[in-house]
>>> print(open('upload09.cif').read())   # mmCIF, C-alpha atoms and all ligand atoms
data_coords
#
loop_
_atom_site.label_atom_id
_atom_site.label_comp_id
_atom_site.auth_asym_id
_atom_site.auth_seq_id
_atom_site.Cartn_x
_atom_site.Cartn_y
_atom_site.Cartn_z
CA MET A 254 0.00 0.00 0.00
CA LEU A 255 1.46 3.32 -1.12
CA VAL A 256 1.11 6.02 1.55
CA ILE A 257 1.79 9.68 0.81
CA GLY A 258 2.43 11.83 3.89
CA LEU A 259 0.98 15.32 3.49
CA THR A 260 2.14 18.10 5.80
CA GLY A 261 2.65 21.84 6.09
CA GLY A 262 2.45 24.63 8.64
CA ILE A 263 -0.70 26.05 10.20
CA GLY A 264 -3.13 27.34 7.57
CA SER A 265 -0.89 26.22 4.69
CA GLY A 266 -3.77 24.42 2.98
CA LYS A 267 -3.36 20.80 4.16
CA THR A 268 -7.11 20.33 4.56
CA ALA A 269 -7.92 22.14 1.30
CA ALA A 270 -5.46 19.82 -0.49
CA SER A 271 -6.45 16.59 1.27
CA ASP A 272 -10.16 17.33 0.71
CA HIS A 273 -9.41 17.40 -3.00
CA PHE A 274 -7.52 14.08 -2.89
CA GLU A 275 -10.59 12.68 -1.14
CA LYS A 276 -12.81 14.04 -3.89
CA LEU A 277 -10.65 12.14 -6.38
CA GLY A 278 -11.51 8.93 -4.51
CA ILE A 279 -8.41 8.65 -2.35
CA THR A 280 -8.59 7.57 1.29
CA VAL A 281 -7.38 10.32 3.61
CA VAL A 282 -6.32 9.44 7.14
CA ASP A 283 -6.08 12.54 9.33
CA ALA A 284 -3.65 12.44 12.26
CA ASP A 285 -5.59 15.25 14.00
CA VAL A 286 -8.73 13.09 13.95
CA ALA A 287 -6.71 10.12 15.27
CA SER A 288 -5.28 12.24 18.08
CA ARG A 289 -8.79 13.21 19.18
CA THR A 290 -10.10 9.65 18.89
CA VAL A 291 -7.55 8.20 21.33
CA VAL A 292 -8.72 10.55 24.11
CA GLU A 293 -12.45 10.21 23.57
CA PRO A 294 -14.52 9.66 26.73
CA GLY A 295 -14.08 6.14 28.06
CA LYS A 296 -10.77 5.48 26.26
CA PRO A 297 -8.02 3.99 28.48
CA ALA A 298 -5.63 6.88 27.71
CA LEU A 299 -7.98 9.28 29.52
CA GLN A 300 -7.87 7.17 32.66
CA LYS A 301 -4.05 7.23 32.58
CA ILE A 302 -4.07 11.01 32.09
CA ALA A 303 -6.39 11.44 35.09
CA GLU A 304 -4.17 9.19 37.23
CA HIS A 305 -1.04 11.12 36.24
CA PHE A 306 -2.28 14.73 36.21
CA GLY A 307 -5.29 14.51 38.51
CA PRO A 308 -9.06 14.12 37.97
CA ASP A 309 -9.41 17.82 37.00
CA MET A 310 -8.11 16.87 33.56
CA ILE A 311 -11.44 15.19 32.85
CA LEU A 312 -14.48 17.37 32.21
CA GLU A 313 -17.93 16.58 33.58
CA ASP A 314 -18.98 15.12 30.22
CA GLY A 315 -16.10 12.62 30.45
CA GLY A 316 -13.96 14.35 27.81
CA LEU A 317 -10.41 15.64 28.12
CA ASN A 318 -9.97 19.15 29.48
CA ARG A 319 -7.89 20.29 26.53
CA ALA A 320 -7.34 23.85 27.73
CA MET A 321 -5.95 22.66 31.06
CA MET A 322 -3.85 19.99 29.37
CA ARG A 323 -2.38 22.51 26.93
CA THR A 324 -1.41 24.90 29.74
CA ARG A 325 0.18 22.10 31.71
CA VAL A 326 2.27 20.62 28.88
CA PHE A 327 3.24 24.06 27.59
CA ALA A 328 4.68 24.93 31.02
CA THR A 329 6.55 21.71 31.81
CA GLU A 330 8.62 19.77 29.33
CA GLU A 331 8.57 16.65 31.50
CA ASP A 332 4.76 16.63 31.37
CA ARG A 333 4.79 17.12 27.60
CA LEU A 334 7.18 14.21 27.15
CA TRP A 335 5.07 12.00 29.41
CA LEU A 336 1.92 12.81 27.44
CA GLU A 337 3.64 12.29 24.09
CA SER A 338 5.01 8.92 25.16
CA LEU A 339 1.47 7.88 26.13
CA LEU A 340 -0.35 9.25 23.10
CA HIS A 341 2.02 8.96 20.13
CA PRO A 342 2.00 5.13 19.97
CA LEU A 343 -1.82 5.12 20.34
CA ILE A 344 -2.20 7.74 17.60
CA ALA A 345 0.13 5.72 15.33
CA GLU A 346 -1.95 2.60 15.96
CA GLU A 347 -5.12 4.49 15.07
CA ILE A 348 -3.51 5.85 11.88
CA ILE A 349 -2.23 2.41 10.84
CA GLY A 350 -5.73 0.98 11.33
CA GLY A 351 -7.17 3.66 9.03
CA LEU A 352 -4.50 3.04 6.39
CA GLN A 353 -5.05 -0.71 6.51
CA ASN A 354 -8.76 -0.22 5.86
CA SER A 355 -8.08 1.86 2.76
CA GLN A 356 -9.43 0.52 -0.52
CA SER A 357 -8.05 3.24 -2.79
CA PRO A 358 -4.97 2.78 -5.06
CA TYR A 359 -2.89 4.84 -2.63
CA SER A 360 -3.66 6.71 0.60
CA ILE A 361 -2.92 10.12 2.03
CA LEU A 362 -1.81 10.55 5.64
CA VAL A 363 -2.34 14.20 6.54
CA SER A 364 -0.57 15.41 9.64
CA PRO A 365 0.78 18.72 10.95
CA LEU A 366 3.40 16.73 12.90
CA LEU A 367 4.33 14.23 10.21
CA LEU A 368 8.00 15.22 10.16
CA GLU A 369 8.27 15.77 13.93
CA THR A 370 7.00 12.29 14.90
CA SER A 371 7.52 8.69 13.78
CA GLN A 372 4.45 9.14 11.53
CA ALA A 373 6.84 9.97 8.67
CA THR A 374 8.03 6.36 8.70
CA LEU A 375 4.54 5.29 7.55
CA ALA A 376 4.86 7.32 4.34
CA ALA A 377 6.76 6.38 1.17
CA ARG A 378 6.79 10.00 0.01
CA ILE A 379 6.40 13.37 1.71
CA LEU A 380 4.22 16.05 0.13
CA VAL A 381 4.68 19.50 1.64
CA ILE A 382 2.10 22.25 1.16
CA ASP A 383 4.21 25.37 1.15
CA VAL A 384 3.02 28.94 1.43
CA PRO A 385 4.77 32.29 1.98
CA VAL A 386 4.53 33.24 5.66
CA ASP A 387 2.59 36.49 5.16
CA LEU A 388 -0.10 34.69 3.15
CA GLN A 389 -0.16 31.85 5.69
CA VAL A 390 -0.73 34.36 8.50
CA GLU A 391 -3.42 36.22 6.54
CA ARG A 392 -5.38 33.04 5.67
CA THR A 393 -5.12 31.66 9.21
CA MET A 394 -6.24 34.96 10.77
CA THR A 395 -9.28 35.05 8.48
CA ARG A 396 -10.17 31.42 9.13
CA ASP A 397 -9.69 31.41 12.92
CA ASN A 398 -10.51 35.04 13.66
CA ASN A 399 -7.22 35.34 15.56
CA SER A 400 -4.90 38.30 15.90
CA GLU A 401 -1.79 38.57 13.74
CA GLU A 402 0.34 38.33 16.87
CA GLN A 403 -1.27 35.05 17.95
CA VAL A 404 -0.88 33.47 14.51
CA ARG A 405 2.74 34.62 14.13
CA ALA A 406 3.55 33.10 17.55
CA ILE A 407 2.15 29.73 16.39
CA VAL A 408 4.06 29.91 13.09
CA ALA A 409 7.27 30.70 15.01
CA ALA A 410 6.74 27.71 17.32
CA GLN A 411 6.31 25.31 14.39
CA SER A 412 9.06 23.83 12.24
CA ASP A 413 10.83 26.23 9.99
CA ARG A 414 9.57 26.38 6.38
CA GLN A 415 13.01 25.56 5.02
CA GLN A 416 13.46 22.52 7.28
CA ARG A 417 10.15 21.16 6.06
CA LEU A 418 11.00 21.74 2.41
CA GLU A 419 14.31 19.90 2.79
CA LYS A 420 12.40 16.75 3.71
CA ALA A 421 9.87 17.01 0.87
CA ASP A 422 9.69 14.67 -2.11
CA ASP A 423 6.89 16.75 -3.62
CA VAL A 424 5.89 20.36 -2.98
CA ILE A 425 2.74 22.31 -3.79
CA VAL A 426 3.24 26.05 -3.50
CA ASN A 427 -0.22 27.18 -2.40
CA ASP A 428 0.15 30.88 -3.17
CA ARG A 429 -2.58 31.19 -5.77
CA ASP A 430 -6.32 30.44 -5.77
CA LEU A 431 -8.06 27.19 -4.84
CA ILE A 432 -8.50 26.26 -8.51
CA HIS A 433 -4.72 26.27 -8.86
CA LEU A 434 -4.31 24.19 -5.71
CA HIS A 435 -6.79 21.62 -7.07
CA GLN A 436 -4.92 21.48 -10.40
CA GLU A 437 -1.64 20.82 -8.58
CA VAL A 438 -3.31 18.06 -6.54
CA GLU A 439 -4.66 16.49 -9.74
CA LYS A 440 -1.19 16.45 -11.33
CA LEU A 441 0.29 14.70 -8.30
CA HIS A 442 -2.68 12.32 -8.21
CA GLN A 443 -1.73 11.12 -11.71
CA ASN A 444 1.87 10.56 -10.58
CA TYR A 445 0.80 8.73 -7.45
CA LEU A 446 -1.54 6.46 -9.43
CA LYS A 447 1.43 5.47 -11.62
CA LEU A 448 3.63 4.93 -8.55
CA ALA A 449 0.90 2.83 -6.94
CA GLU A 450 0.83 0.55 -9.98
CA ILE A 451 4.53 -0.27 -9.72
CA SER A 452 4.76 -0.39 -5.92
P1 LIG A 501 -4.35 23.77 10.01
O1 LIG A 501 -2.97 23.25 10.14
O2 LIG A 501 -4.55 24.96 10.85
O3 LIG A 501 -5.41 22.73 10.19
P2 LIG A 501 -4.46 23.66 7.09
O4 LIG A 501 -3.05 23.51 6.66
O5 LIG A 501 -5.35 22.45 7.05
O6 LIG A 501 -4.53 24.35 8.50
P3 LIG A 501 -6.54 24.93 5.52
O7 LIG A 501 -7.55 24.95 6.60
O8 LIG A 501 -6.70 23.96 4.40
O9 LIG A 501 -5.08 24.81 6.15
O10 LIG A 501 -6.38 26.39 4.88
C1 LIG A 501 -6.34 27.54 5.71
C2 LIG A 501 -7.35 28.56 5.22
O11 LIG A 501 -6.91 29.07 3.98
C3 LIG A 501 -8.74 27.98 4.99
O12 LIG A 501 -9.70 28.93 5.31
C4 LIG A 501 -8.74 27.67 3.49
O13 LIG A 501 -10.03 27.69 2.92
C5 LIG A 501 -7.88 28.82 2.96
N1 LIG A 501 -7.13 28.46 1.74
C6 LIG A 501 -6.31 27.39 1.56
N2 LIG A 501 -5.77 27.42 0.33
C7 LIG A 501 -6.26 28.52 -0.28
C8 LIG A 501 -6.08 29.11 -1.59
N3 LIG A 501 -5.28 28.56 -2.49
N4 LIG A 501 -6.77 30.23 -1.85
C9 LIG A 501 -7.59 30.79 -0.94
N5 LIG A 501 -7.80 30.32 0.29
C10 LIG A 501 -7.13 29.19 0.62
#
>>> encode(input="upload09.cif", output="structure tokens")
Amino acid sequence: MLVIGLTGGIGSGKTAASDHFEKLGITVVDADVASRTVVEPGKPALQKIAEHFGPDMILEDGGLNRAMMRTRVFATEEDRLWLESLLHPLIAEEIIGGLQNSQSPYSILVSPLLLETSQATLAARILVIDVPVDLQVERTMTRDNNSEEQVRAIVAAQSDRQQRLEKADDVIVNDRDLIHLHQEVEKLHQNYLKLAEIS
């Protein structure tokens, strides 16, 4: 099974691109969805989180208190590492399950942390959605209704654009309209179909 890993910074157009692959009939496995699934109410990971960080981490509805968790792991590296060592293998398992269920000629694994985690090892090729920083900030501000300062802080905390590009096998520069993005996806789709035939 040919797996293409799709990544990019915040607001680069990962979802816009992966939605189009999906429209072309390709299975898309989303690491963000997997990371939410593993901490759904009743999942064993939640119990472990409550034992480690205290029962306050669980909301009344049984879900994870994400805001509290974020504050905690942002402040203490040890806590972040503990949480990652709990969740990353579970997320990987969830992703692998999704990829194994795929019936399409190849599959897309979309993940903001593809290159920062072992998720990259699941992909035969890396597709980076690249965008100039000012445009990235502008699109993200419009989408999330956030201030420029907030968005720039997130961009600064993520991997550097250049570092990401160095690891790419394929790149889509998403600096034009959505029609152009879709055309670029369709070109790569043709390449990936050929690769899937020989792999
Ligand atoms: P995140 O990492 O935050 O989930 P993302 O990489 O999935 O973001 P998208 O949500 O796909 O990014 O795109 C960010 C915003 O920019 C969205 O509102 C999307 O509709 C818009 N957008 C993406 N590509 C284009 C484009 N080529 N032209 C105009 N708007 C675009």
>>> residues_near_ligand(input="upload09.cif", ligand="ligand LIG 501 (chain A)", cutoff="6 Å", atoms="all atoms listed in the file", output="number ranges by chain")
A: 261-269, 365, 392-393, 396, 427-431, 434
>>> residues_near_point(input="upload09.cif", point="(-6.0, 15.0, 7.5)", cutoff="8 Å", atoms="only C-alpha atoms", output="short mmCIF file (atom, residue, chain, number, x, y, z; two decimals) with C-alpha atoms, keeping the file's coordinate frame")
data_model
loop_
_atom_site.label_atom_id
_atom_site.label_comp_id
_atom_site.auth_asym_id
_atom_site.auth_seq_id
_atom_site.Cartn_x
_atom_site.Cartn_y
_atom_site.Cartn_z
CA LYS A 267 -3.36 20.80 4.16
CA THR A 268 -7.11 20.33 4.56
CA SER A 271 -6.45 16.59 1.27
CA VAL A 281 -7.38 10.32 3.61
CA VAL A 282 -6.32 9.44 7.14
CA ASP A 283 -6.08 12.54 9.33
CA ALA A 284 -3.65 12.44 12.26
CA ASP A 285 -5.59 15.25 14.00
CA VAL A 286 -8.73 13.09 13.95
CA ILE A 361 -2.92 10.12 2.03
CA LEU A 362 -1.81 10.55 5.64
CA VAL A 363 -2.34 14.20 6.54
CA SER A 364 -0.57 15.41 9.64
#
>>> closest_atom_pairs(input="upload09.cif", of="stretch 322-392 of chain A", to="stretch 397-416 of chain A", cutoff="8 Å", atoms="all atoms listed in the file", output="Markdown table")
| residue | atom | partner | partner_atom | distance |
| --- | --- | --- | --- | --- |
| A:Asp383 | CA | A:Arg414 | CA | 7.6 |
| A:Val390 | CA | A:Val404 | CA | 6.1 |
| A:Glu391 | CA | A:Glu401 | CA | 7.7 |
>>> residues_near_point(input="upload09.cif", point="(16.4, 15.1, 5.6)", cutoff="12 Å", atoms="all atoms listed in the file", output="ChimeraX atom specification")
/A:368-369,373,379,415-422
>>> closest_residue(input="upload09.cif", among="A:Glu337, A:Glu275, A:Glu347, A:Glu437", to="A:Ala287", atoms="only C-alpha atoms")
A:Glu347
>>> atom_distance(input="upload09.cif", atom1="atom CA of A:Ser371", atom2="atom CA of A:Leu277")
27.4 Å
>>> axis_aligned_box(input="upload09.cif", around="stretch 271-280 of chain A", padding_each_side="3 Å", output="AutoDock Vina command-line options")
--center_x -9.6 --center_y 12.5 --center_z -2.5 --size_x 12.4 --size_y 15.8 --size_z 13.7
>>> closest_residue(input="upload09.cif", among="A:Ala449, A:Val291, A:Val424, A:Leu259", to="A:Gln372", atoms="all atoms listed in the file")
A:Leu259
>>> atom_distance(input="upload09.cif", atom1="atom CA of A:Glu293", atom2="atom CA of A:Leu317")
7.4 Å
>>> atom_distance(input="upload09.cif", atom1="atom CA of A:Leu340", atom2="atom CA of A:Val326")
13.0 Å
